[in-house]
2 protein chains.
Amino acid sequence: MPVTLRDVARRAGVSVRTVSNVVNDFPYVSPETRAKVQKALDELGYRPNLVARNLRRGRTGMIALVVPELAVPYFAELADLVMAEAGEHGYTTIIDQTHGDIERERQIIHPSTRAMLFDGLIFSPLGMGEAELRQRVKTPIVLLGERIAGGGFDYVAFDNVAAARRATEHLIALGRRRIAAIGAQPWDHGETAQYRTQGYHDALVSAGRSVEPDLLVRTPHFHRADGAAAMARLLDLPEPPDAVFCFNDLLALGAIRTLLERGYRVPEDVAVIGFDDIEDGRYSTPTLTTVSPDKQRIAAAAVEYLLERLKGEDKAPRTLMVDFTLVVRESTAGRSRNDNVGTGAPLLEPTR
Amino acid sequence: MPVTLRDVARRAGVSVRTVSNVVNDFPYVSPETRAKVQKALDELGYRPNLVARNLRRGRTGMIALVVPELAVPYFAELADLVMAEAGEHGYTTIIDQTHGDIERERQIIHPSTRAMLFDGLIFSPLGMGEAELRQRVKTPIVLLGERIAGGGFDYVAFDNVAAARRATEHLIALGRRRIAAIGAQPWDHGETAQYRTQGYHDALVSAGRSVEPDLLVRTPHFHRADGAAAMARLLDLPEPPDAVFCFNDLLALGAIRTLLERGYRVPEDVAVIGFDDIEDGRYSTPTLTTVSPDKQRIAAAAVEYLLERLKGEDKAPRTLMVDFTLVVRESTAGRSRNDNVGTGAPLLEPTR
DNA sequence: GCGTATGGTTGCATCGTTGCAAGCTAGTTG
DNA sequence: CAACTAGCTTGCAACGATGCAACCATACGC
């Protein structure tokens with residue numbers, strides 16, 4: 001049923017090879033032949049069979065983007081950007097979700113099933129260590145947004161410790177005394193939480209503050225529900241915090257919900273800062289102060305690095321540290337200082 | 001470099017075909033041979049080349065899910081569900097975004113490029129009419145969440161008119177006098193907005209209300225920014241509304257932002273209802289009353305219908321109308337009536 | 001006029017897999 | 001004991017495209 005090169009060749013009265021030459025813009029084809037073949041192509045409505053082409057060429061033209069969860073806005077926004085970027089270079093992106101499950105991560109990485117379907121991998125790892133990754137993965141790979149120091153792979157990341165530190169310092173600068181953090185996690189849930197915890201810790205220590213274990217709350221995930229629950233626990237302390245650094249925006253939005261629900265004012269009673277700069281935070285009430293990584297740059301660099309590897313360039317592994325920005329909004333600065341709410345425009349915009 | 005059937009065959013001392021038989025669990029293979037081959041398979045770490053297999057079998061094992069925008073939570077959540085469902089049946093899902101651009105829709109549908117890569121299509125059309133679709137698309141296709149009446153394709157939808165009507169009636173039942181609607185769109189932006197407009201209209205007329213053109217606001221997209229801007233326009237009217245039906249949750253969240261920013265209370269001064277039941281609305285302040293379609297069912301049915309078509313079953317086109325629910329939360333009911341905030345649990349749960 | 005460069009076209013093999021149908025062996029049946 | 005069956009294994013062709021290298025003209029230089 002589908003039209004093949006052979007069909008076109010027969011119709012145009014030339015060889016299969018010549019039709020292929022026309023389709024692929026091979027230079028040495030006479031104008032007449034080209035016209036004749038083109039006519040046949042159009043009349044029959046020929047479309048190349050990409051599967052066959054891929055088999056012959058030994059590549060698939062597809063890359064995989066592996067993220068924890070698409071329903072988390074940060075990753076949806078990132079996926080959007082990566083797909084656009086890859087598309088510009090003629091690549092199709094397949095998205096895979098791990099749902100934070102290490103077993104699922106292993107499964108996706110494992111070249112057993114569809115892993116053979118793509119030429120390369122952009123991976124936002126949660127649980128899997130670098131050593132294991134190196135051992136298992138055979139296709140080129142770029143790691144996203146996690147590590148501080150690079151290893152055997154290309155990394156596109158930002159300095160999580162510095163960013164977390166910057167966020168905490170912002171709360172200190174506001175004069176807050178009891179600064180909590182929400183989102184700590186055990187090591188096997190990924191390194192992101194570790195680094196953010198460390199940045200939080202560093203900032204407090206540098207400011208000569210004590211670090212209270214009670215004020216550092218672990219959460220199973222980074223969802224709104226986790227933030228809400230964690231905040232409830234903090235408020236039940238004998239001495240609740242007056243500021244909270246949440247390890248992502250969803251946690252922060254959940255925390256704010258709990259605060260408002262219990263009659264606390266944000267930021268007057270408790271200031272809240274998030275991480276990721278998702279769109280929600282620009283329209284929530286109060287709008288959300290947050291650390292904003294340069295997502296566009298992350299996506300572009302990740303695709304660029306990967307495609308270079310796919311071309312076979314054998315450079316040493318690179319690490320790109322992307323910029324981040326502190327975007328101050330109502331959840332720490334309050335209404336009074338903010339006239340352009342809802343626009344997402346930052347009021348103060350320091351840091352790097 | 002990769003291990004092929006031939007490599008395994010050589011090592012096991014059998015024919016290529018026999019190895020293939022083992023890999024595919026062909027019944028007539030002697031236990032000894034099977035063991036011998038399996039050993040070679042394991043030792044060499046054979047992984048089937050899916051591209052070659054697909055070429056031979058004449059299918060790709062991939063389906064495409066075409067949505068307007070992944071960064072819109074509703075579609076991210078839906079994509080999540082569709083991918084999971086398709087995965088269960090051994091299919092890989094490729095997500096494509098149209099960004100509301102009809103040209104882009106055409107391009108994706110067009111079998112020129114990667115359209116040949118997948119066996120079928122789940123399509124949430126915005127601008128493209130059914131006639132055009134029928135003409136262009138050759139692979140099996142299931143349409144999502146749009147039309148009220150089916151045509152030549154399988155549809156999985158819910159009754160947009162009825163749902164919009166139900167939402168509007170809720171506002172009427174609350175005793176609101178001036179009920180606005182945000183999200184109307186010209187026809188070429190898709191039919192969803194038309195049907196929701198109609199439901200809104202029907203409800204007002206049935207209640208003996210007049211329909212004021214000023215209270216129906218058009219928006220270019222369905223984003224938070226559009227909702228915020230539209231709400232601002234409504235508030236600038238000589239007689240602002242006391243209730244707003246937004247055609248999706250993002251619009252509603254944007255509208256609420258504007259209301260609160262201007263000092264209105266929600267729902268006391270203005271009640272707001274949305275559409276889609278995205279997670280944001282469960283944690284916003286106030287939490288968002290919304291029409292909740294059964295997304296899980298939509299995803300499951302869409303995949304099921306598509307796979308049946310792929311199996312070659314030649315049934316008449318079907319239309320499945322999925323249930324929807326009105327989830328009443330604070331943005332219309334207020335705090336007083338709501339004790340289980342943040343849980344997403346509906347207070348009142350009528351309708352179908 | 002002969003060797004050679006150049007442009008234009010082609011046949012053949014191949015990518016890794018599976019469909020088809022035949023071949024082989026051993027066991028069953030009349 | 002011949003004929004057949006069932007179980008097991010295999011070679012060949014094909015899916016639809018492209019890499020390779022040969023091939024045929026024509027035109028050019030000497």
# chains A, B, ... in the order shown; residues from 1 in each chain; ligands from 1

$ interface_residues --of "chain D" --to "chain B" --cutoff "8 Å" --atoms "only C-alpha atoms (C1' of nucleotides)" --output "PyMOL selection string"
chain D and resi 7-10+15-16

$ write_last_selection --atoms "N, CA and C atoms (P, O5', C5', C4', C3', O3' and C1' of nucleotides)" --output "PDB file, in the first residue's frame"
ATOM      1  P    DG D   7       3.775 -32.468  18.106  1.00  0.00           P
ATOM      2  O5'  DG D   7       5.348 -32.419  17.961  1.00  0.00           O
ATOM      3  C5'  DG D   7       6.117 -33.481  18.526  1.00  0.00           C
ATOM      4  C4'  DG D   7       7.578 -33.218  18.255  1.00  0.00           C
ATOM      5  C3'  DG D   7       8.064 -31.826  18.674  1.00  0.00           C
ATOM      6  O3'  DG D   7       9.298 -31.993  19.339  1.00  0.00           O
ATOM      7  C1'  DG D   7       8.594 -32.206  16.408  1.00  0.00           C
ATOM      8  P    DC D   8       9.939 -30.768  20.169  1.00  0.00           P
ATOM      9  O5'  DC D   8      10.982 -30.241  19.101  1.00  0.00           O
ATOM     10  C5'  DC D   8      12.073 -31.103  18.714  1.00  0.00           C
ATOM     11  C4'  DC D   8      12.728 -30.565  17.474  1.00  0.00           C
ATOM     12  C3'  DC D   8      13.320 -29.148  17.563  1.00  0.00           C
ATOM     13  O3'  DC D   8      14.730 -29.315  17.687  1.00  0.00           O
ATOM     14  C1'  DC D   8      12.406 -29.646  15.409  1.00  0.00           C
ATOM     15  P    DT D   9      15.662 -27.997  17.791  1.00  0.00           P
ATOM     16  O5'  DT D   9      15.924 -27.717  16.260  1.00  0.00           O
ATOM     17  C5'  DT D   9      16.740 -28.619  15.509  1.00  0.00           C
ATOM     18  C4'  DT D   9      16.868 -28.103  14.086  1.00  0.00           C
ATOM     19  C3'  DT D   9      17.462 -26.707  13.960  1.00  0.00           C
ATOM     20  O3'  DT D   9      18.780 -26.857  13.424  1.00  0.00           O
ATOM     21  C1'  DT D   9      15.613 -27.033  12.479  1.00  0.00           C
ATOM     22  P    DT D  10      19.671 -25.587  13.170  1.00  0.00           P
ATOM     23  O5'  DT D  10      19.253 -25.243  11.673  1.00  0.00           O
ATOM     24  C5'  DT D  10      19.519 -26.179  10.634  1.00  0.00           C
ATOM     25  C4'  DT D  10      18.895 -25.688   9.340  1.00  0.00           C
ATOM     26  C3'  DT D  10      19.375 -24.314   8.904  1.00  0.00           C
ATOM     27  O3'  DT D  10      20.269 -24.484   7.813  1.00  0.00           O
ATOM     28  C1'  DT D  10      17.014 -24.598   8.583  1.00  0.00           C
ATOM     29  P    DC D  15       9.535  -7.035  -0.313  1.00  0.00           P
ATOM     30  O5'  DC D  15       9.075  -6.142   0.918  1.00  0.00           O
ATOM     31  C5'  DC D  15       8.516  -6.660   2.127  1.00  0.00           C
ATOM     32  C4'  DC D  15       8.994  -5.808   3.275  1.00  0.00           C
ATOM     33  C3'  DC D  15       9.476  -4.427   2.872  1.00  0.00           C
ATOM     34  O3'  DC D  15       8.413  -3.496   3.060  1.00  0.00           O
ATOM     35  C1'  DC D  15      10.970  -5.489   4.446  1.00  0.00           C
ATOM     36  P    DG D  16       7.975  -2.557   1.810  1.00  0.00           P
ATOM     37  O5'  DG D  16       9.139  -1.469   1.738  1.00  0.00           O
ATOM     38  C5'  DG D  16       9.239  -0.519   2.777  1.00  0.00           C
ATOM     39  C4'  DG D  16      10.579   0.151   2.692  1.00  0.00           C
ATOM     40  C3'  DG D  16      10.847   0.883   1.376  1.00  0.00           C
ATOM     41  O3'  DG D  16      11.156   2.213   1.705  1.00  0.00           O
ATOM     42  C1'  DG D  16      12.703  -0.431   2.013  1.00  0.00           C
TER      43       DG D  16
END

$ closest_atom_pairs --of "chain C" --to "chain B" --cutoff "10 Å" --atoms "only C-alpha atoms (C1' of nucleotides)" --output "Markdown table"
| residue | atom | partner | partner_atom | distance |
| --- | --- | --- | --- | --- |
| C:DC15 | C1' | B:Ala52 | CA | 7.8 |
| C:DG16 | C1' | B:Ala52 | CA | 5.1 |
| C:DT17 | C1' | B:Arg53 | CA | 4.9 |
| C:DT18 | C1' | B:Arg56 | CA | 6.1 |
| C:DG19 | C1' | B:Arg56 | CA | 9.2 |

$ write_last_selection --atoms "C-alpha atoms (C1' of nucleotides)" --output "PDB file, in the first residue's frame"
ATOM      1  C1'  DC C  15      21.454  -3.274   7.529  1.00  0.00           C
ATOM      2  C1'  DG C  16      19.078  -7.203  11.311  1.00  0.00           C
ATOM      3  C1'  DT C  17      15.137  -9.289  11.516  1.00  0.00           C
ATOM      4  C1'  DT C  18      11.079 -12.481  10.468  1.00  0.00           C
ATOM      5  C1'  DG C  19       7.682 -15.183   7.056  1.00  0.00           C
TER       6       DG C  19
END

$ atom_distance --atom1 "atom CA of A:Leu326" --atom2 "atom CA of A:Ile172"
14.1 Å

$ select_by_dssp --residues "stretch 45-169 of chain B" --states "strand (DSSP E)" --output "VMD selection string"
chain B and resid 62 to 67 92 to 97 120 to 123 141 to 144 154 to 157

$ write_last_selection --atoms "N, CA and C atoms" --output "PDB file, in the first residue's frame"
ATOM      1  N   MET B  62       5.063   2.311  17.894  1.00  0.00           N
ATOM      2  CA  MET B  62       4.996   3.649  18.487  1.00  0.00           C
ATOM      3  C   MET B  62       3.699   4.336  18.106  1.00  0.00           C
ATOM      4  N   ILE B  63       3.164   5.066  19.034  1.00  0.00           N
ATOM      5  CA  ILE B  63       2.012   5.903  18.725  1.00  0.00           C
ATOM      6  C   ILE B  63       2.366   7.337  19.081  1.00  0.00           C
ATOM      7  N   ALA B  64       1.690   8.254  18.453  1.00  0.00           N
ATOM      8  CA  ALA B  64       1.942   9.651  18.756  1.00  0.00           C
ATOM      9  C   ALA B  64       0.767  10.238  19.514  1.00  0.00           C
ATOM     10  N   LEU B  65       1.083  11.066  20.467  1.00  0.00           N
ATOM     11  CA  LEU B  65       0.051  11.815  21.173  1.00  0.00           C
ATOM     12  C   LEU B  65       0.264  13.284  20.830  1.00  0.00           C
ATOM     13  N   VAL B  66      -0.702  13.871  20.179  1.00  0.00           N
ATOM     14  CA  VAL B  66      -0.561  15.252  19.756  1.00  0.00           C
ATOM     15  C   VAL B  66      -1.430  16.155  20.619  1.00  0.00           C
ATOM     16  N   VAL B  67      -0.804  17.023  21.363  1.00  0.00           N
ATOM     17  CA  VAL B  67      -1.531  17.944  22.232  1.00  0.00           C
ATOM     18  C   VAL B  67      -1.078  19.369  21.938  1.00  0.00           C
ATOM     19  N   THR B  92       5.277   2.499  22.620  1.00  0.00           N
ATOM     20  CA  THR B  92       6.005   3.696  23.017  1.00  0.00           C
ATOM     21  C   THR B  92       5.251   4.914  22.507  1.00  0.00           C
ATOM     22  N   THR B  93       5.193   5.930  23.341  1.00  0.00           N
ATOM     23  CA  THR B  93       4.444   7.122  22.964  1.00  0.00           C
ATOM     24  C   THR B  93       5.375   8.274  22.626  1.00  0.00           C
ATOM     25  N   ILE B  94       5.107   8.899  21.524  1.00  0.00           N
ATOM     26  CA  ILE B  94       5.830  10.109  21.159  1.00  0.00           C
ATOM     27  C   ILE B  94       4.887  11.289  21.312  1.00  0.00           C
ATOM     28  N   ILE B  95       5.335  12.306  22.003  1.00  0.00           N
ATOM     29  CA  ILE B  95       4.475  13.456  22.222  1.00  0.00           C
ATOM     30  C   ILE B  95       4.836  14.570  21.256  1.00  0.00           C
ATOM     31  N   ASP B  96       3.827  15.134  20.662  1.00  0.00           N
ATOM     32  CA  ASP B  96       4.057  16.266  19.768  1.00  0.00           C
ATOM     33  C   ASP B  96       3.201  17.432  20.198  1.00  0.00           C
ATOM     34  N   GLN B  97       3.768  18.611  20.121  1.00  0.00           N
ATOM     35  CA  GLN B  97       3.021  19.794  20.532  1.00  0.00           C
ATOM     36  C   GLN B  97       2.685  20.659  19.325  1.00  0.00           C
ATOM     37  N   GLY B 120      -0.086   4.786  14.925  1.00  0.00           N
ATOM     38  CA  GLY B 120      -1.373   5.435  15.120  1.00  0.00           C
ATOM     39  C   GLY B 120      -1.218   6.744  15.865  1.00  0.00           C
ATOM     40  N   LEU B 121      -2.326   7.416  16.022  1.00  0.00           N
ATOM     41  CA  LEU B 121      -2.294   8.790  16.463  1.00  0.00           C
ATOM     42  C   LEU B 121      -3.428   9.052  17.455  1.00  0.00           C
ATOM     43  N   ILE B 122      -3.075   9.670  18.574  1.00  0.00           N
ATOM     44  CA  ILE B 122      -4.115  10.185  19.459  1.00  0.00           C
ATOM     45  C   ILE B 122      -4.009  11.691  19.401  1.00  0.00           C
ATOM     46  N   PHE B 123      -5.064  12.321  18.991  1.00  0.00           N
ATOM     47  CA  PHE B 123      -4.959  13.707  18.575  1.00  0.00           C
ATOM     48  C   PHE B 123      -5.978  14.569  19.308  1.00  0.00           C
ATOM     49  N   ILE B 141      -6.537   6.713  13.903  1.00  0.00           N
ATOM     50  CA  ILE B 141      -6.504   7.922  14.713  1.00  0.00           C
ATOM     51  C   ILE B 141      -7.671   7.937  15.700  1.00  0.00           C
ATOM     52  N   VAL B 142      -7.394   8.449  16.859  1.00  0.00           N
ATOM     53  CA  VAL B 142      -8.448   8.650  17.852  1.00  0.00           C
ATOM     54  C   VAL B 142      -8.429  10.115  18.247  1.00  0.00           C
ATOM     55  N   LEU B 143      -9.587  10.738  18.246  1.00  0.00           N
ATOM     56  CA  LEU B 143      -9.651  12.153  18.594  1.00  0.00           C
ATOM     57  C   LEU B 143     -10.056  12.320  20.048  1.00  0.00           C
ATOM     58  N   LEU B 144      -9.498  13.350  20.636  1.00  0.00           N
ATOM     59  CA  LEU B 144      -9.663  13.530  22.073  1.00  0.00           C
ATOM     60  C   LEU B 144     -10.460  14.750  22.473  1.00  0.00           C
ATOM     61  N   ASP B 154     -12.886   7.652  15.612  1.00  0.00           N
ATOM     62  CA  ASP B 154     -13.179   7.329  16.998  1.00  0.00           C
ATOM     63  C   ASP B 154     -12.974   8.586  17.832  1.00  0.00           C
ATOM     64  N   TYR B 155     -13.904   8.832  18.721  1.00  0.00           N
ATOM     65  CA  TYR B 155     -13.778   9.976  19.611  1.00  0.00           C
ATOM     66  C   TYR B 155     -13.788   9.521  21.060  1.00  0.00           C
ATOM     67  N   VAL B 156     -12.973  10.179  21.863  1.00  0.00           N
ATOM     68  CA  VAL B 156     -13.143  10.042  23.299  1.00  0.00           C
ATOM     69  C   VAL B 156     -13.313  11.452  23.820  1.00  0.00           C
ATOM     70  N   ALA B 157     -14.482  11.738  24.300  1.00  0.00           N
ATOM     71  CA  ALA B 157     -14.793  13.116  24.633  1.00  0.00           C
ATOM     72  C   ALA B 157     -15.679  13.157  25.861  1.00  0.00           C
TER      73      ALA B 157
END

$ closest_residue --among "B:Glu43, B:Glu88, B:Glu77, B:Asp242" --to "chain A" --atoms "only C-alpha atoms"
B:Glu77

$ residues_around --residues "stretch 199-213 of chain A" --least-positions-apart "5" --cutoff "8 Å" --atoms "only C-alpha atoms (C1' of nucleotides)" --output "PyMOL selection string"
chain A and resi 160-169+181

$ residues_around --residues "A:Lys36" --least-positions-apart "2" --cutoff "12 Å" --atoms "only C-alpha atoms (C1' of nucleotides)" --output "ChimeraX atom specification"
/A:8-14,18-19,22,29-34,38-43

$ write_last_selection --atoms "N, CA and C atoms" --output "PDB file, in the first residue's frame"
ATOM      1  N   VAL A   8       8.214   4.268  -7.505  1.00  0.00           N
ATOM      2  CA  VAL A   8       8.539   5.530  -8.165  1.00  0.00           C
ATOM      3  C   VAL A   8       9.475   5.277  -9.332  1.00  0.00           C
ATOM      4  N   ALA A   9      10.461   4.406  -9.090  1.00  0.00           N
ATOM      5  CA  ALA A   9      11.450   4.103 -10.126  1.00  0.00           C
ATOM      6  C   ALA A   9      10.759   3.533 -11.363  1.00  0.00           C
ATOM      7  N   ARG A  10       9.881   2.602 -11.142  1.00  0.00           N
ATOM      8  CA  ARG A  10       9.169   1.979 -12.255  1.00  0.00           C
ATOM      9  C   ARG A  10       8.421   3.043 -13.046  1.00  0.00           C
ATOM     10  N   ARG A  11       7.729   3.886 -12.321  1.00  0.00           N
ATOM     11  CA  ARG A  11       6.917   4.913 -12.981  1.00  0.00           C
ATOM     12  C   ARG A  11       7.758   5.901 -13.763  1.00  0.00           C
ATOM     13  N   ALA A  12       8.897   6.262 -13.196  1.00  0.00           N
ATOM     14  CA  ALA A  12       9.733   7.265 -13.852  1.00  0.00           C
ATOM     15  C   ALA A  12      10.646   6.637 -14.903  1.00  0.00           C
ATOM     16  N   GLY A  13      10.707   5.333 -14.932  1.00  0.00           N
ATOM     17  CA  GLY A  13      11.564   4.663 -15.885  1.00  0.00           C
ATOM     18  C   GLY A  13      13.039   4.807 -15.587  1.00  0.00           C
ATOM     19  N   VAL A  14      13.380   4.883 -14.333  1.00  0.00           N
ATOM     20  CA  VAL A  14      14.793   4.957 -13.941  1.00  0.00           C
ATOM     21  C   VAL A  14      15.051   3.886 -12.876  1.00  0.00           C
ATOM     22  N   THR A  18      18.573   5.870  -8.582  1.00  0.00           N
ATOM     23  CA  THR A  18      18.442   7.238  -9.057  1.00  0.00           C
ATOM     24  C   THR A  18      17.351   7.984  -8.294  1.00  0.00           C
ATOM     25  N   VAL A  19      16.260   7.290  -8.045  1.00  0.00           N
ATOM     26  CA  VAL A  19      15.195   7.929  -7.268  1.00  0.00           C
ATOM     27  C   VAL A  19      15.734   8.307  -5.893  1.00  0.00           C
ATOM     28  N   VAL A  22      17.661  11.406  -6.069  1.00  0.00           N
ATOM     29  CA  VAL A  22      16.833  12.608  -6.137  1.00  0.00           C
ATOM     30  C   VAL A  22      16.290  12.947  -4.749  1.00  0.00           C
ATOM     31  N   VAL A  29      22.759  14.645 -10.646  1.00  0.00           N
ATOM     32  CA  VAL A  29      21.562  14.157 -11.309  1.00  0.00           C
ATOM     33  C   VAL A  29      21.209  15.190 -12.362  1.00  0.00           C
ATOM     34  N   SER A  30      20.991  14.756 -13.570  1.00  0.00           N
ATOM     35  CA  SER A  30      20.702  15.731 -14.627  1.00  0.00           C
ATOM     36  C   SER A  30      19.348  16.374 -14.365  1.00  0.00           C
ATOM     37  N   PRO A  31      19.222  17.618 -14.754  1.00  0.00           N
ATOM     38  CA  PRO A  31      17.966  18.342 -14.531  1.00  0.00           C
ATOM     39  C   PRO A  31      16.755  17.604 -15.087  1.00  0.00           C
ATOM     40  N   GLU A  32      16.909  17.033 -16.286  1.00  0.00           N
ATOM     41  CA  GLU A  32      15.759  16.344 -16.878  1.00  0.00           C
ATOM     42  C   GLU A  32      15.344  15.147 -16.029  1.00  0.00           C
ATOM     43  N   THR A  33      16.345  14.339 -15.693  1.00  0.00           N
ATOM     44  CA  THR A  33      16.036  13.168 -14.868  1.00  0.00           C
ATOM     45  C   THR A  33      15.395  13.592 -13.561  1.00  0.00           C
ATOM     46  N   ARG A  34      15.983  14.599 -12.979  1.00  0.00           N
ATOM     47  CA  ARG A  34      15.467  15.066 -11.697  1.00  0.00           C
ATOM     48  C   ARG A  34      13.991  15.456 -11.819  1.00  0.00           C
ATOM     49  N   GLN A  38      10.984  13.688 -10.001  1.00  0.00           N
ATOM     50  CA  GLN A  38      10.210  14.506  -9.075  1.00  0.00           C
ATOM     51  C   GLN A  38       8.722  14.413  -9.395  1.00  0.00           C
ATOM     52  N   LYS A  39       8.442  14.405 -10.666  1.00  0.00           N
ATOM     53  CA  LYS A  39       7.052  14.304 -11.100  1.00  0.00           C
ATOM     54  C   LYS A  39       6.434  13.005 -10.595  1.00  0.00           C
ATOM     55  N   ALA A  40       7.182  11.927 -10.797  1.00  0.00           N
ATOM     56  CA  ALA A  40       6.687  10.628 -10.331  1.00  0.00           C
ATOM     57  C   ALA A  40       6.528  10.622  -8.814  1.00  0.00           C
ATOM     58  N   LEU A  41       7.487  11.224  -8.135  1.00  0.00           N
ATOM     59  CA  LEU A  41       7.414  11.302  -6.676  1.00  0.00           C
ATOM     60  C   LEU A  41       6.126  11.996  -6.241  1.00  0.00           C
ATOM     61  N   ASP A  42       5.872  13.122  -6.878  1.00  0.00           N
ATOM     62  CA  ASP A  42       4.694  13.896  -6.509  1.00  0.00           C
ATOM     63  C   ASP A  42       3.412  13.148  -6.848  1.00  0.00           C
ATOM     64  N   GLU A  43       3.382  12.607  -8.047  1.00  0.00           N
ATOM     65  CA  GLU A  43       2.162  11.936  -8.476  1.00  0.00           C
ATOM     66  C   GLU A  43       1.804  10.767  -7.570  1.00  0.00           C
TER      67      GLU A  43
END
